[in-house]
Each structure stands twice: as structure tokens, then as C-alpha cells.
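Enquirer: First the structure, which I've put down as C-alpha cells, then a few questions once you've had a look.
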Amino acid sequence: MHLRFATLLGTLLGALLTAGCLSRPVPAPRTHNEPNPREAELCARILSADTDVTTKADACRELARIGTPRCLPALAPLLTNAGLSHMALYALEPMPGPEVDELLRASLAHAQGRVLAGLLTTLGVRRDPAAVPQIATRLTHADAAVRRAAALALGEIATADAVQALWNAWDGASSDQRQVLGEALLRAADRLRAAGRDRDALRIYDGLRASGLAPDPIRTAALQGAILGRGPRDLRLLRETLQAGDLTGFHAALQAAYRESHPAVTRVLAGEVALLPPERQTLLLSALAERHDPSALPAILQATNHPDPAVQMAAVRALGRLGDSRAADALAAWVLHPDPDLREAARASLAFLPGKRVEHAIFGLLDDEDPNLKLAGMDVVRRRHLAAALPRLQRLVRTQPSEVRVAALRLIGGLGNRMQWNWLLSELRRLEQPQELEAARQALLDLTGKIGAGPTETEAVLSALVNTGPVQAPVLYSLLARLGGDKALRQTLNTARSGPPELRTTALKALLEWRRPEVVEALLALVDTSPDAATRESALRRFLEWAADPELTAEQRLVMCRQAARYVQDPATARLYLAAVGGLSTPEVVTMIKPFLEPEPTREEACAALITVAERLHKQRPDQALPEPMQLALQRAVSLTRNEELKRRAQSVLPSGN
């Protein structure tokens with residue numbers, strides 16, 4: 001620290017102490033009548049020569065929350081310390097009291113570079129009007145960072161003197177400096193406008209707009225500020241800018257309009273739509289939609305008749321975002337438009353609009369005689385998740401062409417509840433077309449998961465099987481496969497074994513699709529007793545898939561592998577068997593895998609399964625050698641496999657020397 005500055009600082013602090021500013025707390029929300037011991041402790045840490053930089057920084061951070069002017073003697077020496085100045089400013093910036101500002105101003109004369117820029121920034125944040133003359137002298141400083149900090153600080157302070165200082169520097173500044181000065185002037189104007197001083201703010205905005213020296217971004221921002229500063233009572237500038245040829249200004253006007261919610265702005269925007277070229281109409285329609293002002297509806301509706309498809313598209317999308325339910329009928333008329341993009345936009349907008357009036361328009365589509373309109377209406381119902389349409393959808397299933405019935409069935413599955421599940425089950429006997437039956441099956445499955453179907457629904461399906469023909473039976477057996485349960489399993493197994501020939505394949509398919517492991521015994525029974533070779537093979541394959549399922553316990557899977565071993569004959573089934581055995585963790589797998597090591601078709605799969613199990617056992621007990629039978633089998637696998645990676649893995653778990 002320079003001697004002169006130390007002397008000045010000592011004089012300043014002495015004067016503050018004499019005046020009682022540091023001996024008594026300054027009235028402020030966070031000060032107290034009694035000194036805070038924690039504050040004194042933190043100040044002592046900062047002043048101690050034994051305190052490291054990190055601890056001093058942490059103390060400053062805490063003083064930002066609890067500090068009062070009592071801590072100025074501790075913080076003052078840090079203000080010109082390049083390593084800690086920023087932390088001292090962090091502590092001082094929120095601290096109340098004019099003596100803080102006096103200390104900051106006194107420090108300016110003895111700071112340079114980043115430290116000086118920080119002081120200027122803090123004075124700006126504190127909006128100290130007394131600092132304006134000193135800050136203004138830094139507008140021509142040699143350091144660009146200091147010039148920028150000075151300009152922005154004056155913009156934050158935003159007094160008449162601060163603004164004038166910025167204008168004084170404007171004409172002689174370089175283009176880069178004018179960018180910073182412009183930002184500062186805009187900041188000052190925004191401050192003034194926020195304080196209700198619109199006239200003062202407009203003088204700055206209009207001055208920047210009129211200046212031929214202002215960079216384009218500054219001029220554009222000033223235009224936006226000028227429109228907002230004039231407010232809804234004077235919208236001439238907004239209208240003029242919309243009509244002008246400058247696209248950048250046009251965007252600025254739209255941004256300003258977006259920030260001004262007064263209905264008068266909506267009227268100006270709506271009045272300009274039809275007068276603008278198509279590319280600007282699309283932008284203006286989007287801006288109107290975001291205002292959610294019902295008075296914009298007529299202009300948007302009129303734009304749907306524009307000859308330019310891009311304007312039509314913008315208008316249709318705007319109707320959805322506007323949120324006015326009166327647009328529903330117009331959108332409903334577009335749901336079959338020949339242009340697929342416009343058709344899609346109309347449906348999306350109709351689905352997005354709120355209100356009962358919109359629902360009535362959608363119901364009108366469902367009730368129309370034209371099947372295409374019904375399908376379009378169902379598309380909107382799907383997008384809207386409109387459960388209120390369910391009664392109409394149920395009527396469509398009974399009365400309409402197959403294409404409409406299929407769409408209605410699918411939608412019922414997505415929107416329905418337990419009532420629709422029961423209705424679909426009873427309605428199933430009326431359906432005969434394959435597409436309709438598949439749609440009903442999928443709808444029932446969707447609802448089964450949604451309603452948490454249980455034993456009651458299982459009994460209902462079993463009862464329906466008695467009164468349902470073979471055409472509908474596959475749907476019911478598919479449901480049983482999802483629902484599960486002992487009774488459903490017995491019924492399905494009996495049908496697969498000895499039911500009517502036309503239902504055996506259906507029941508077998510259900511067993512193969514069964515969702516719960518309770519089915520494994522039924523599958524094994526088919527493997528053991530079915531006279532049909534294809535049935536035995538399908539059942540064995542599914543049984544082996546269950547045997548490899550990690551959701552089952554290791555003991556369950558081991559038992560299943562033992563049970564399946566005597567049925568495995570062909571290479572394809574053997575590979576499934578080996579995949580299941582490879583998931584086990586017992587030395588017993590050696591005897592299970594050994595028969596498949598030598599034959600060429602299963603050799604590599606058997607080696608892989610054996611090595612995988614050996615690695616798992618070795619990981620469980622790395623300090624113990626593998627059982628001798630497994631070591632011998634691994635050695636044989638090393639000699640048989642052509643896969644070098646498998647050889648490496650096997651040798652890694654064998655004792656050295658093998």
C-alpha cells in the first residue's frame with residue numbers, strides 16, 4: 001500500500017470513528033444495538049498476519065451477510081490487494097451506510113486494472129451519486145476493462161450527471177467504446193423507465209436512435225425501449241416500425257409488443273396483419289397468438305383465407321395458441337384439408353384449445369355422417385385425451401364401418417377405465433373381422449394394466465370363454481396370459497392338451513405368452529406329454545427361456561435346468577439350454593455342460609457357458625481353487641475352443657501351470 005493512500009485512509013477512518021460511525025452501528029435492517037461477537041472475530045482474522053488468503057476470503061464471504069460499518073477498518077486494507085480486493089468488495093457491496101461509499105470513493109485514486117474495475121462496478125451497484133465525477137474521469141482510461149466498468153457504473157447510477165457524462169464521451173469515442181457507452185445509456189434509460197421517469201428515459205432512447213454513430217444492436221435496443229417508453233397511449237412509433245422496411249426494427253417492435261400487454265397494442269398488431277407482405281404476416285400472427293387476447297381472433301381468422309400457404313399455416317397454428325374457444329368451428333373445418341401439413345396443424349390446434357365449446361366441435365366431427373370426419377375427430381380426441389368422448393366411441397363400435405370401429409376400439413383402450421373393460425368384454429362376441437378383434441385385444445390388454453385387473457376380471461374372462469366362439473377365443477386367451485392365476489392356467493393348459501382342435505394352437509400361444517413364472521410347470525407338462533412334436537418343441541424353448549430369466553431365484557433356475565436336461569436333443573434347443581446353465585453359479589454345471597463340449601454344433605456355446613460360470617465362482621471365492629472337475633473341464637474347453645478371448649478368460653481362472 002502506498003504511503004499516501006495509507007495516510008488518507010487513516011485520516012478517513014479516524015474521521016469516521018470521531019463521528020461515531022464506526023463506534024456505533026448504523027441503523028439498518030441487519031444491524032443491532034450491540035456489537036456482534038462473530039463480526040469482531042471475523043475482523044480479527046482478516047487483520048491477523050497469520051491468517052491465510054483462503055480464510056480471509058471466507059471471512060469476507062460471511063461479512064457480506066452480517067457485516068456492519070464496524071468492519072471497515074478490517075476490510076479497507078484489502079481493497080487494493082489484488083488477491084483479495086474482490087472479496088472485500090463482495091462484503092462491502094450489500095453493506096448499508098454512507099461511510100461505505102466514502103471508503104470506496106477514497107480507494108479509487110490508489111487502484112489500477114482489475115482492482116479499479118471492481119471498485120467502479122461496486123459503486124455502480126450501490127448507485128452512489130457522489131461517485132459520478134470520479135467515475136466519469138475513468139471513461140477515457142487506458143484500460144478497456146476500466147472504461148467498461150466506469151460506463152456501466154454510470155448507467156446503473158442513472159442520475160442526470162451520470163447520463164450527461166456518458167453523452168459527453170459519446171462523440172469522441174471509438175466504435176468499440178460506443179458499444180459500451182450505448183449499453184450504459186440503455187441501462188440508465190431502463191433504470192429511469194422502471195422508476196416511472198418515462199420522459200427522461202425517452203430522451204436517451206430517442207437520442208440513441210437518432211445518433212448516426214450508434215452501433216446497430218444499440219439502435220435496435222433503443223427502438224424497443226422507445227416503443228415501450230411511450231406506452232399504450234402513443235403507439236405511433238410501433239405502427240411506423242411495423243410498416244417500415246427494416247426487418248431488424250420489425251423484430252424489435254414485435255419484442256416490444258410482447259412485453260406490453262395492453263389491448264391497444266393488440267389492436268395495432270391486428271390492424272397491420274393484412275397490410276404486410278406474407279413473410280411478415282407469419283411473424284405478426286405468431287406474435288398475436290402469444291398475446292392470448294381474444295380481440296385478435298378476427299384478424300387471425302381472416303388470415304386463414306390468405307392465398308399464401310405459409311400465412312395459412314401461421315394462422316391455423318396461431319388459432320390454437322391464442323386459446324379462444326370461438327376458433328373451434330373454424331379449425332374443425334380444416335381437419336380434412338388436402339394439404340397434410342395444414343391438416344396436421346388444424347388438428348393439433350383444435351386439440352390444444354381449451355373449453356366445452358371446443359369439445360362440442362369435436363363431438364360434431366364424431367357425429368358427422370362422413371367416416372373420414374369421424375376418423376379425424378378421433379384423431380383429435382386422442383391428442384386431447386378426451387375421456388368425455390367415450391360414450392360416442394362405444395356407439396361408433398356398434399354402428400360404423402370397420403375402419404371406424406377399429407379406430408374407436410383402439411381409442412377406447414387408451415382413454416377407458418374399468419367400465420370400458422367390462423363393456424369391451426361383453427362386446428367382443430359381436431366382432432368378427434381380424435382387424436377389429438386385434439384392436440379389441442389390444443384395447444383390453446391396455447385397460448387390464450391400467451385398471452389393475454385381478455381375480456374378478458379373470459373370472460369374467462373365463463365366463464366369457466363359455467359363451468364365445470372360436471373366432472373371439474384368441475382374444476380371451478391372450479387376456480388370461482396377461483392376468484395369470486391358477487384357474488386361468490389350468491383352463492389354458494387343458495385346452496392346449498385336449499381342447500377342440502381349433503383352440504389348441506390358441507391356448508398354446510397363450511401359454512407361450514404367459515407373463516408369470518407359474519406357467520413353467522404347465523410348459524414342462526406339455527413337453528412331457530403332448531403328442532405333437534411342434535408343441536413339445538415350442539413348450540421346451542419357452543421353458544428354457546424362463547430357466548434363463550434372472551427374475552427367478554438361482555435355486556428355481558437350477559431345478560429347471562435339471563428338469564430340462566433330458567429333453568434337449570437338437571443344437572438349437574441346446575443353445576437355449578446352455579444360455580440358461582451359463583447363468584448359474586454352481587460347480588454342478590460341469591455335468592450339465594459336458595455333453596455339449598465335444599459336438600461341433602454346440603462346442604463354442606458350451607465353452608462360453610462353462611467359462612462364464614467358472615469366472616463367477618472364482619469371483620465369489622478368489623482365494624480358493626476351483627473344484628477339480630471344473631478345472632479339468634476348463635482345460636478341455638481351452639483345447640477345444642477357437643475363440644482366443646475365451647481361452648484367455650479360462651486361463652485367467654485356472655491355477656498357474658495349467
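Within each chain, counting starts at residue 1; across the C-alpha cells, chains are named A, B, ... in the order shown, with ligands numbered 1 upward in that order.
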Would you list the contacts of Leu237 of chain A as a PyMOL selection string, taking every protein, DNA or RNA residue within 10 Å and counting only C-alpha atoms, but skipping same-chain residues closer than 4 positions in sequence?

Expert: chain A and resi 223-224+226-228+230+241-243+253

Enquirer: Can you write out the residues you just picked, keeping C-alpha atoms, as a compact mmCIF listing (two decimals), in the first residue's frame?

Expert:
# COMPACT_ATOMS: atom_id res chain seq x y z
CA LEU A 223 -36.01 1.46 -30.62
CA GLN A 224 -37.55 -1.24 -28.47
CA ALA A 226 -38.62 3.92 -27.14
CA ILE A 227 -41.74 1.94 -28.07
CA LEU A 228 -42.13 0.65 -24.53
CA ARG A 230 -44.19 5.67 -24.97
CA THR A 241 -41.84 0.45 -37.27
CA LEU A 242 -44.10 -2.42 -38.31
CA GLN A 243 -44.73 -0.71 -41.65
CA ALA A 253 -41.20 -3.85 -32.49

Enquirer: Residues within 7 Å of segment 459-474 of chain A, please, as a PyMOL selection string. Count only C-alpha atoms; anything in the same chain fewer than 5 positions from it doesn't count.

Expert: chain A and resi 428-429+432+503+506

Enquirer: Go through segment 46-144 of chain A and collect every residue that DSSP, computed from the backbone, puts in alpha helix (DSSP H); the answer should be as a PyMOL selection string.

Expert: chain A and resi 46-47+53-66+72-75+85-92+98-108+113-126+132-136+144

Enquirer: Give me the residues within 12 Å of Leu247 of chain A as a PyMOL selection string, counting only C-alpha atoms and dropping any in the same chain fewer than 3 places off.

Expert: chain A and resi 220+241-244+250-254+276-277+279-280+283

Enquirer: Work out how far atom CA of Ala606 of chain A is from atom CA of Leu578 of chain A, in Å to one decimal.

Expert: 6.2 Å

Enquirer: Which one is closest to Ala330 of chain A: A:Ala158, A:Val358, A:Leu409, A:Leu654? Count only C-alpha atoms.

Expert: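 Closest candidate: A:Val358.
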
Enquirer: Find the distance between atom CA of Arg382 of chain A and atom CA of Val397 of chain A and write it in Å to one decimal.

Expert: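 Atom CA of Val397 of chain A lies 15.9 Å from atom CA of Arg382 of chain A.
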
Enquirer: One decimal, Å: what's the distance from atom CA of Ile204 of chain A over to atom CA of Glu272 of chain A, could you say?

Expert: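 Spanning atom CA of Ile204 of chain A to atom CA of Glu272 of chain A is a straight-line distance of 28.1 Å.
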
Enquirer: If you count only C-alpha atoms, which residues fall within 10 Å of Asn372 of chain A, apart from same-chain ones fewer than 4 positions away, as a CSV table (one decimal) with N, CA, C and O atoms, in the first residue's frame?

Expert:
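To be explicit, this is the file written out as around.csv:
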chain,number,residue,atom,x,y,z
A,335,VAL,N,-59.8,-29.9,-40.6
A,335,VAL,CA,-59.2,-31.2,-40.2
A,335,VAL,C,-59.1,-32.2,-41.4
A,335,VAL,O,-58.4,-33.2,-41.3
A,336,LEU,N,-59.8,-31.9,-42.5
A,336,LEU,CA,-59.6,-32.8,-43.7
A,336,LEU,C,-59.0,-32.0,-44.9
A,336,LEU,O,-59.2,-32.4,-46.0
A,365,LEU,N,-67.7,-33.6,-35.1
A,365,LEU,CA,-66.9,-34.4,-36.0
A,365,LEU,C,-67.2,-35.9,-35.8
A,365,LEU,O,-67.4,-36.7,-36.8
A,366,LEU,N,-67.3,-36.4,-34.6
A,366,LEU,CA,-67.6,-37.8,-34.3
A,366,LEU,C,-69.1,-38.1,-34.8
A,366,LEU,O,-69.3,-39.3,-35.2
A,368,ASP,N,-70.7,-36.7,-37.3
A,368,ASP,CA,-70.9,-36.5,-38.7
A,368,ASP,C,-71.1,-37.8,-39.5
A,368,ASP,O,-70.6,-38.8,-39.1
A,376,ALA,N,-61.1,-38.3,-38.3
A,376,ALA,CA,-60.4,-37.0,-38.0
A,376,ALA,C,-60.7,-36.6,-36.5
A,376,ALA,O,-59.8,-36.2,-35.8
A,377,GLY,N,-62.0,-36.7,-36.2
A,377,GLY,CA,-62.4,-36.4,-34.9
A,377,GLY,C,-61.8,-37.3,-33.8
A,377,GLY,O,-61.4,-36.8,-32.8
A,378,MET,N,-61.6,-38.6,-34.1
A,378,MET,CA,-61.0,-39.5,-33.2
A,378,MET,C,-59.5,-39.1,-33.0
A,378,MET,O,-58.9,-39.3,-32.0
A,403,GLU,N,-63.3,-49.7,-40.5
A,403,GLU,CA,-62.2,-48.8,-40.3
A,403,GLU,C,-62.5,-47.9,-39.1
A,403,GLU,O,-61.6,-47.6,-38.3
A,404,VAL,N,-63.7,-47.4,-39.0
A,404,VAL,CA,-64.1,-46.5,-37.9
A,404,VAL,C,-64.2,-47.3,-36.6
A,404,VAL,O,-63.7,-46.8,-35.5

Enquirer: Counting only C-alpha atoms, what is within 12 Å of Pro601 of chain A, bar same-chain residues fewer than 6 positions away, as a list in words?

Expert: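 The contact residues come out as Gln569, Asp570, Pro571, Ala572, Thr573, Ala574, Arg575, Pro595, Cys607 and Thr641 of chain A.
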
Enquirer: Please provide as an MDAnalysis selection string all residues within 12 Å of Ser261 of chain A, with the sequence filter that same-chain residues fewer than 3 positions apart are discarded (counting only C-alpha atoms).

Expert: chainID A and resid 228 231:232 254:258 264:267 269 287:288 290:293

Enquirer: Would you mind exporting N, CA and C atoms of the selected residues as a PDB file, in the first residue's frame?

Expert:
ATOM      1  N   LEU A 228     -41.608   0.959 -25.858  1.00  0.00           N
ATOM      2  CA  LEU A 228     -42.127   0.645 -24.529  1.00  0.00           C
ATOM      3  C   LEU A 228     -42.262   1.899 -23.676  1.00  0.00           C
ATOM      4  N   GLY A 231     -45.447   3.734 -24.232  1.00  0.00           N
ATOM      5  CA  GLY A 231     -46.596   3.079 -23.628  1.00  0.00           C
ATOM      6  C   GLY A 231     -47.776   2.962 -24.570  1.00  0.00           C
ATOM      7  N   PRO A 232     -48.864   2.381 -24.086  1.00  0.00           N
ATOM      8  CA  PRO A 232     -50.033   2.138 -24.942  1.00  0.00           C
ATOM      9  C   PRO A 232     -50.761   3.411 -25.380  1.00  0.00           C
ATOM     10  N   LEU A 254     -41.856  -6.194 -32.527  1.00  0.00           N
ATOM     11  CA  LEU A 254     -42.594  -7.353 -32.024  1.00  0.00           C
ATOM     12  C   LEU A 254     -42.169  -7.706 -30.600  1.00  0.00           C
ATOM     13  N   GLN A 255     -40.876  -7.596 -30.325  1.00  0.00           N
ATOM     14  CA  GLN A 255     -40.402  -7.866 -28.970  1.00  0.00           C
ATOM     15  C   GLN A 255     -40.976  -6.857 -27.978  1.00  0.00           C
ATOM     16  N   ALA A 256     -41.023  -5.622 -28.387  1.00  0.00           N
ATOM     17  CA  ALA A 256     -41.616  -4.600 -27.517  1.00  0.00           C
ATOM     18  C   ALA A 256     -43.091  -4.881 -27.294  1.00  0.00           C
ATOM     19  N   ALA A 257     -43.793  -5.257 -28.351  1.00  0.00           N
ATOM     20  CA  ALA A 257     -45.219  -5.567 -28.226  1.00  0.00           C
ATOM     21  C   ALA A 257     -45.439  -6.742 -27.289  1.00  0.00           C
ATOM     22  N   TYR A 258     -44.540  -7.709 -27.347  1.00  0.00           N
ATOM     23  CA  TYR A 258     -44.666  -8.881 -26.478  1.00  0.00           C
ATOM     24  C   TYR A 258     -44.590  -8.480 -25.003  1.00  0.00           C
ATOM     25  N   ALA A 264     -54.666  -2.205 -26.489  1.00  0.00           N
ATOM     26  CA  ALA A 264     -54.441  -1.278 -27.601  1.00  0.00           C
ATOM     27  C   ALA A 264     -53.310  -1.770 -28.506  1.00  0.00           C
ATOM     28  N   VAL A 265     -52.320  -2.429 -27.914  1.00  0.00           N
ATOM     29  CA  VAL A 265     -51.230  -2.984 -28.711  1.00  0.00           C
ATOM     30  C   VAL A 265     -51.758  -4.101 -29.607  1.00  0.00           C
ATOM     31  N   THR A 266     -52.644  -4.927 -29.064  1.00  0.00           N
ATOM     32  CA  THR A 266     -53.245  -5.992 -29.875  1.00  0.00           C
ATOM     33  C   THR A 266     -53.969  -5.404 -31.079  1.00  0.00           C
ATOM     34  N   ARG A 267     -54.684  -4.322 -30.861  1.00  0.00           N
ATOM     35  CA  ARG A 267     -55.439  -3.713 -31.965  1.00  0.00           C
ATOM     36  C   ARG A 267     -54.500  -3.209 -33.059  1.00  0.00           C
ATOM     37  N   LEU A 269     -51.448  -4.398 -33.755  1.00  0.00           N
ATOM     38  CA  LEU A 269     -50.891  -5.569 -34.430  1.00  0.00           C
ATOM     39  C   LEU A 269     -51.915  -6.200 -35.373  1.00  0.00           C
ATOM     40  N   ALA A 287     -46.931 -13.506 -33.123  1.00  0.00           N
ATOM     41  CA  ALA A 287     -46.914 -12.554 -32.003  1.00  0.00           C
ATOM     42  C   ALA A 287     -48.315 -12.323 -31.452  1.00  0.00           C
ATOM     43  N   LEU A 288     -49.297 -12.228 -32.322  1.00  0.00           N
ATOM     44  CA  LEU A 288     -50.681 -12.063 -31.870  1.00  0.00           C
ATOM     45  C   LEU A 288     -51.128 -13.256 -31.036  1.00  0.00           C
ATOM     46  N   GLU A 290     -49.409 -15.234 -29.156  1.00  0.00           N
ATOM     47  CA  GLU A 290     -48.784 -15.269 -27.839  1.00  0.00           C
ATOM     48  C   GLU A 290     -49.383 -14.256 -26.876  1.00  0.00           C
ATOM     49  N   ARG A 291     -50.179 -13.323 -27.382  1.00  0.00           N
ATOM     50  CA  ARG A 291     -50.792 -12.324 -26.506  1.00  0.00           C
ATOM     51  C   ARG A 291     -52.021 -12.884 -25.795  1.00  0.00           C
ATOM     52  N   HIS A 292     -52.619 -13.946 -26.338  1.00  0.00           N
ATOM     53  CA  HIS A 292     -53.805 -14.569 -25.740  1.00  0.00           C
ATOM     54  C   HIS A 292     -54.912 -13.536 -25.513  1.00  0.00           C
ATOM     55  N   ASP A 293     -55.034 -12.642 -26.471  1.00  0.00           N
ATOM     56  CA  ASP A 293     -56.041 -11.572 -26.392  1.00  0.00           C
ATOM     57  C   ASP A 293     -57.163 -11.922 -27.374  1.00  0.00           C
TER      58      ASP A 293
END

Enquirer: Do a neighbour search on Asp58 of chain A at 12 Å with only C-alpha atoms, toss out local chain neighbours closer than 3 positions, and write the hits as a list of chain:residue names.

Expert: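 Using only C-alpha atoms, the neighbours found are A:Leu42, A:Cys43, A:Arg45, A:Ile46, A:Thr51, A:Asp52, A:Val53, A:Thr54, A:Thr55, A:Arg61, A:Glu62, A:Leu63, A:Ala64, A:Arg65, A:Leu84, A:Met87, A:Ala88, A:Tyr90, A:Ala91.
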
Enquirer: So that I have them on file, write out the residues from the current selection with N, CA and C atoms, as a compact mmCIF listing (two decimals), in the first residue's frame.

Expert:
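This went into again12.txt:
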# COMPACT_ATOMS: atom_id res chain seq x y z
N LEU A 42 -14.42 -12.26 12.96
CA LEU A 42 -14.05 -12.29 11.54
C LEU A 42 -13.09 -11.17 11.19
N CYS A 43 -13.33 -9.98 11.76
CA CYS A 43 -12.43 -8.85 11.50
C CYS A 43 -11.03 -9.13 12.04
N ARG A 45 -9.62 -12.02 12.29
CA ARG A 45 -8.98 -12.98 11.38
C ARG A 45 -8.39 -12.25 10.17
N ILE A 46 -9.16 -11.31 9.64
CA ILE A 46 -8.69 -10.59 8.45
C ILE A 46 -7.45 -9.76 8.78
N THR A 51 -3.17 -15.18 9.23
CA THR A 51 -4.32 -15.76 8.53
C THR A 51 -4.01 -15.91 7.05
N ASP A 52 -4.30 -17.11 6.50
CA ASP A 52 -4.02 -17.33 5.07
C ASP A 52 -5.12 -16.69 4.21
N VAL A 53 -4.85 -16.63 2.91
CA VAL A 53 -5.74 -15.94 1.98
C VAL A 53 -7.13 -16.59 1.95
N THR A 54 -7.17 -17.92 1.95
CA THR A 54 -8.46 -18.61 1.88
C THR A 54 -9.33 -18.28 3.08
N THR A 55 -8.75 -18.26 4.27
CA THR A 55 -9.51 -17.95 5.48
C THR A 55 -10.02 -16.51 5.45
N ARG A 61 -16.69 -13.44 2.89
CA ARG A 61 -17.95 -14.01 2.41
C ARG A 61 -19.02 -13.98 3.51
N GLU A 62 -18.63 -14.27 4.73
CA GLU A 62 -19.58 -14.24 5.83
C GLU A 62 -19.94 -12.81 6.22
N LEU A 63 -18.99 -11.90 6.12
CA LEU A 63 -19.29 -10.50 6.44
C LEU A 63 -20.28 -9.90 5.46
N ALA A 64 -20.37 -10.44 4.25
CA ALA A 64 -21.38 -9.97 3.30
C ALA A 64 -22.78 -10.16 3.86
N ARG A 65 -22.93 -11.12 4.78
CA ARG A 65 -24.24 -11.38 5.37
C ARG A 65 -24.45 -10.66 6.69
N LEU A 84 -7.30 -10.13 -2.90
CA LEU A 84 -8.46 -10.15 -2.00
C LEU A 84 -9.42 -8.99 -2.22
N MET A 87 -13.00 -9.99 -2.85
CA MET A 87 -13.74 -10.50 -1.69
C MET A 87 -14.11 -9.37 -0.74
N ALA A 88 -13.25 -8.37 -0.61
CA ALA A 88 -13.60 -7.21 0.22
C ALA A 88 -14.80 -6.48 -0.38
N TYR A 90 -17.05 -7.87 -2.25
CA TYR A 90 -18.20 -8.76 -2.04
C TYR A 90 -18.82 -8.50 -0.68
N ALA A 91 -17.99 -8.26 0.33
CA ALA A 91 -18.50 -7.98 1.67
C ALA A 91 -19.12 -6.58 1.76

Enquirer: With only C-alpha atoms as the basis for distance, which of A:Leu431, A:Ala142, A:Val406, A:Ala348 is at the shortest distance from Leu375 of chain A?

Expert: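 Among the listed residues, the smallest separation from Leu375 of chain A belongs to A:Val406.
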
Enquirer: A:Gly225, A:Arg603, A:Leu79, A:Ala214: which is nearest Ala201 of chain A, counting only C-alpha atoms?

Expert: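 Ranking A:Gly225, A:Arg603, A:Leu79, A:Ala214 by distance to Ala201 of chain A, first place goes to A:Gly225.
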
Enquirer: Choose the residue, out of A:Ala160, A:Leu584, A:Ala144, A:Ala534, that has the smallest atom-to-atom separation from Ser174 of chain A; count only C-alpha atoms.

Expert: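 The closest residue to Ser174 of chain A is A:Ala144.
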